[in-house]
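Have a look at the structure below before the remarks.
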Amino acid sequence: MKAERVSYGGWPNCLRLANREVELIATTDVGPRIIRFGFVGGPNEFVEYPDQLGKTGGDTYRSYGGHRLWIAPESKQTTYHPDNHPVEWFEENDELILRPPLESTTRIQKEIRVKLHETKNRVCVTHLLTNHNPFAVTLAAWALSVMAPGGRAIAPQEPYRPHPESLLPVRPLVLWSYTKMNDPRWTWGEKFLQLRQDPNAEIPQKAGVMNTLGWAAYAAGDRLFLKKFYSNPDAPYPDFCCNLELFTNKRMLEVETLSPLTTLEPGAMLAHEEEWWLFRGIDPGHSEAEMDRAFQQLLATT
């Protein structure tokens with residue numbers, strides 16, 4: 001499946017991958033961002049920021065929207081490197097490879113590889129970080145899908161086991177200084193954790209977990225974005241051992257996954273993979289029983 005050069009959002013050199021059902025568009029004038037993912041002719045599942053579309057150059061960080069790759073743990077020095085310049089791209093082994101310039105401040109080479117299935121609504125996205133410093137660096141890949149407003153994120157709770165059969169904790173729940181557990185956007189259910197995006201909310205919210213089941217979703221209208229990812233609960237992860245984090249403000253909601261913290265020797269690389277699925281005509285429901293049935297059926301088909 002070959003990429004088609006298209007103009008999108010004011011950027012003249014974007015790349016489009018599409019099959020009969022879904023399409024994605026990646027930027028090469030900046031980023032890279034997978035700036036669009038959705039059904040052909042349908043809405044973008046990812047957010048777009050109209051005030052940033054089409055902009056290039058400069059040394060100020062811009063989010064742009066879409067899906068991006070960051071370096072974790074989060075810091076102003078290493079995470080927010082401006083990616084406002086042209087991206088090298090090529091195709092190899094049915095993958096679209098997007099490689100921005102080497103970061104001058106971190107000496108880390110980022111790369112995103114994208115493979116769209118010929119017939120299924122499935123995308124495999126591989127995030128790569130390579131250390132070009134003359135010394136070892138400890139970091140993690142951080143993949144952020146920035147979803148359009150108006151939906152809700154859904155993540156599974158760990159399977160129930162009764163006491164005293166289960167005596168040890170099964171995962172961390174990590175909160176930020178601005179997290180309010182009584183914020184109405186959160187639903188802390190028995191089987192699912194949910195975070196609703198609210199365009200009228202002024203205060204951001206964020207929480208992270210160790211998700212050993214390896215999936216999270218975003219429901220918007222009758223469409224459902226499903227993200228699957230690798231999970232190793234025995235590995236060290238950033239942020240008190242989180243591999244899934246949910247963040248929202250009044251403009252968007254982020255479904256974020258992280259790789260284990262890895263010490264990269266000079267020249268070494270780490271890879272973090274995600275698998276995306278997109279469904280329509282799907283209502284996962286709101287009760288625990290409805291969502292349990294819906295996701296059991298969906299996960300059995302992916």
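Note on naming: chains are A, B, ... as they come in the structure tokens, residues start from 1 per chain, ligands start from 1 in the order shown.
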
Which polymer residues have any atom within 7 Å of an atom of stretch 41-56 of chain A, counting only C-alpha atoms, with same-chain residues fewer than 3 positions away left out, as a PDB file with N, CA and C atoms, in the first residue's frame?
```pdb
ATOM      1  N   GLY A   9      -4.685  20.643   5.808  1.00  0.00           N
ATOM      2  CA  GLY A   9      -4.564  21.586   6.905  1.00  0.00           C
ATOM      3  C   GLY A   9      -3.604  22.726   6.648  1.00  0.00           C
ATOM      4  N   GLY A  10      -3.337  23.021   5.378  1.00  0.00           N
ATOM      5  CA  GLY A  10      -2.395  24.075   5.064  1.00  0.00           C
ATOM      6  C   GLY A  10      -0.967  23.593   4.872  1.00  0.00           C
ATOM      7  N   TRP A  11      -0.707  22.305   5.121  1.00  0.00           N
ATOM      8  CA  TRP A  11       0.610  21.716   4.845  1.00  0.00           C
ATOM      9  C   TRP A  11       0.570  21.053   3.471  1.00  0.00           C
ATOM     10  N   ASP A  29       5.884  18.294   6.621  1.00  0.00           N
ATOM     11  CA  ASP A  29       6.416  19.655   6.722  1.00  0.00           C
ATOM     12  C   ASP A  29       6.812  19.987   8.146  1.00  0.00           C
ATOM     13  N   VAL A  30       6.226  19.274   9.100  1.00  0.00           N
ATOM     14  CA  VAL A  30       6.545  19.409  10.525  1.00  0.00           C
ATOM     15  C   VAL A  30       6.350  18.039  11.158  1.00  0.00           C
ATOM     16  N   ILE A  35      -1.820  13.313  11.652  1.00  0.00           N
ATOM     17  CA  ILE A  35      -2.731  14.411  11.946  1.00  0.00           C
ATOM     18  C   ILE A  35      -4.186  14.009  11.763  1.00  0.00           C
ATOM     19  N   ARG A  36      -4.422  12.972  10.965  1.00  0.00           N
ATOM     20  CA  ARG A  36      -5.798  12.507  10.757  1.00  0.00           C
ATOM     21  C   ARG A  36      -5.853  10.988  10.756  1.00  0.00           C
ATOM     22  N   PHE A  37      -6.872  10.452  11.416  1.00  0.00           N
ATOM     23  CA  PHE A  37      -7.228   9.044  11.317  1.00  0.00           C
ATOM     24  C   PHE A  37      -8.736   8.968  11.421  1.00  0.00           C
ATOM     25  N   GLY A  38      -9.372   8.332  10.438  1.00  0.00           N
ATOM     26  CA  GLY A  38     -10.821   8.241  10.468  1.00  0.00           C
ATOM     27  C   GLY A  38     -11.338   7.449   9.288  1.00  0.00           C
ATOM     28  N   TYR A  64      -0.002  20.972  17.477  1.00  0.00           N
ATOM     29  CA  TYR A  64      -0.595  20.689  16.162  1.00  0.00           C
ATOM     30  C   TYR A  64      -1.858  19.833  16.238  1.00  0.00           C
ATOM     31  N   GLY A  65      -1.923  18.861  17.147  1.00  0.00           N
ATOM     32  CA  GLY A  65      -3.001  17.886  17.190  1.00  0.00           C
ATOM     33  C   GLY A  65      -2.507  16.546  16.687  1.00  0.00           C
ATOM     34  N   GLY A  66      -3.445  15.632  16.447  1.00  0.00           N
ATOM     35  CA  GLY A  66      -3.074  14.319  15.922  1.00  0.00           C
ATOM     36  C   GLY A  66      -2.349  13.447  16.927  1.00  0.00           C
ATOM     37  N   ASN A  84       9.199  21.497  14.349  1.00  0.00           N
ATOM     38  CA  ASN A  84       8.566  22.400  13.400  1.00  0.00           C
ATOM     39  C   ASN A  84       9.230  22.395  12.028  1.00  0.00           C
ATOM     40  N   HIS A  85      10.025  21.360  11.727  1.00  0.00           N
ATOM     41  CA  HIS A  85      10.830  21.368  10.507  1.00  0.00           C
ATOM     42  C   HIS A  85      10.550  20.126   9.668  1.00  0.00           C
ATOM     43  N   VAL A 146      -4.152  12.127  20.470  1.00  0.00           N
ATOM     44  CA  VAL A 146      -4.890  13.280  20.982  1.00  0.00           C
ATOM     45  C   VAL A 146      -6.247  13.302  20.285  1.00  0.00           C
ATOM     46  N   MET A 147      -7.272  12.915  21.030  1.00  0.00           N
ATOM     47  CA  MET A 147      -8.580  12.656  20.448  1.00  0.00           C
ATOM     48  C   MET A 147      -9.421  13.932  20.357  1.00  0.00           C
ATOM     49  N   ALA A 148     -10.300  13.949  19.367  1.00  0.00           N
ATOM     50  CA  ALA A 148     -11.206  15.082  19.166  1.00  0.00           C
ATOM     51  C   ALA A 148     -12.163  15.209  20.355  1.00  0.00           C
ATOM     52  N   PRO A 149     -12.654  16.405  20.612  1.00  0.00           N
ATOM     53  CA  PRO A 149     -13.499  16.608  21.795  1.00  0.00           C
ATOM     54  C   PRO A 149     -14.847  15.907  21.669  1.00  0.00           C
ATOM     55  N   MET A 252      -9.481  18.703  24.187  1.00  0.00           N
ATOM     56  CA  MET A 252      -9.184  17.366  23.669  1.00  0.00           C
ATOM     57  C   MET A 252      -9.078  16.372  24.826  1.00  0.00           C
TER      58      MET A 252
END
```

Env of stretch 168-176 of chain A: 7 Å cut, atoms = only C-alpha atoms, seq-sep filter 2 positions within chain, self excluded. Answer as a PyMOL selection string. chain A and resi 166+178-179+206-210+240

DSSP strand (DSSP E or B) residues within stretch 195-231 of chain A, listed as a PDB file with C-alpha atoms, in the first residue's frame:
```
ATOM      1  CA  LEU A 195     -12.756   9.818  31.547  1.00  0.00           C
ATOM      2  CA  ARG A 196     -15.168  12.074  29.661  1.00  0.00           C
ATOM      3  CA  GLN A 205      -7.531  16.092  34.615  1.00  0.00           C
ATOM      4  CA  LYS A 206      -5.024  13.246  34.421  1.00  0.00           C
ATOM      5  CA  ALA A 207      -4.483   9.779  35.868  1.00  0.00           C
ATOM      6  CA  GLY A 208      -2.260   6.837  35.023  1.00  0.00           C
ATOM      7  CA  VAL A 209      -2.348   3.092  35.624  1.00  0.00           C
ATOM      8  CA  TRP A 215      -5.948  -1.919  25.632  1.00  0.00           C
ATOM      9  CA  ALA A 216      -7.852   1.346  25.915  1.00  0.00           C
ATOM     10  CA  ALA A 217     -10.605   2.941  23.840  1.00  0.00           C
ATOM     11  CA  TYR A 218     -12.208   6.256  22.949  1.00  0.00           C
ATOM     12  CA  ALA A 219     -15.921   6.374  22.144  1.00  0.00           C
ATOM     13  CA  ALA A 220     -17.274   9.317  20.134  1.00  0.00           C
ATOM     14  CA  ARG A 223     -17.515   5.348  16.500  1.00  0.00           C
ATOM     15  CA  LEU A 224     -14.986   3.599  18.689  1.00  0.00           C
ATOM     16  CA  PHE A 225     -11.201   3.945  18.522  1.00  0.00           C
ATOM     17  CA  LEU A 226      -9.441   0.956  20.113  1.00  0.00           C
ATOM     18  CA  LYS A 227      -5.747   1.030  20.963  1.00  0.00           C
ATOM     19  CA  LYS A 228      -3.853  -2.141  21.895  1.00  0.00           C
ATOM     20  CA  PHE A 229      -0.329  -2.135  23.301  1.00  0.00           C
TER      21      PHE A 229
END
```

At what distance in Å, to one decimal, does atom CA of A:Arg293 lie from atom CA of A:Arg152? 17.7 Å

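For A:Glu92, the non-local neighbours within 12 Å, defined as residues at least 6 positions apart in the same chain or in other chains and counting only C-alpha atoms, are Met1, Lys2, Ala3, Leu98, Arg113, Val114 and Lys115 of chain A.
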
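Distance-wise, atom CA of A:Pro100 and atom CA of A:Glu74 end up 19.6 Å apart.
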
Nearest to A:Arg280 by atom-to-atom distance, counting only C-alpha atoms, from A:Asp183, A:Asp94, A:Asp222, A:Glu190: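 Ranked by minimum distance to A:Arg280, first place goes to A:Asp222.
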
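Among the candidates A:Met181, A:Cys124, A:Leu261, A:Cys14, the one nearest to A:Gln194 when counting only C-alpha atoms is A:Met181.
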
In Å, with one decimal, what is the gap from atom CA of A:Ile112 to atom CA of A:Phe247?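 Going from atom CA of A:Ile112 over to atom CA of A:Phe247 covers 22.0 Å.
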
Just asking: which residues within stretch 9-253 of chain A are alpha helix (DSSP H) according to DSSP, as a ChimeraX atom specification? /A:238-241

What lies within 8 Å of A:Tyr80 using only C-alpha atoms, ignoring chain neighbours under 4 positions off, as a VMD selection string? chain A and resid 61 70 75 to 76

Give me the residues near A:Glu23 as a count of residues only, where near means some atom within 7 Å (using only C-alpha atoms) and where sequence neighbours in that chain fewer than 4 positions away do not count. 8

For A:Ser259, work out the shell of residues within 6 Å, counting only C-alpha atoms and skipping chain neighbours fewer than 3 positions away, then give it as JSON, numbers by chain. {"A": [140, 141, 272]}

I want to know what sits within 9 Å of A:Pro260, based on only C-alpha atoms, with residues of the same chain fewer than 5 positions away left out; could you give that as an MDAnalysis selection string? chainID A and resid 139:141 231:232 235:238 241:243 272
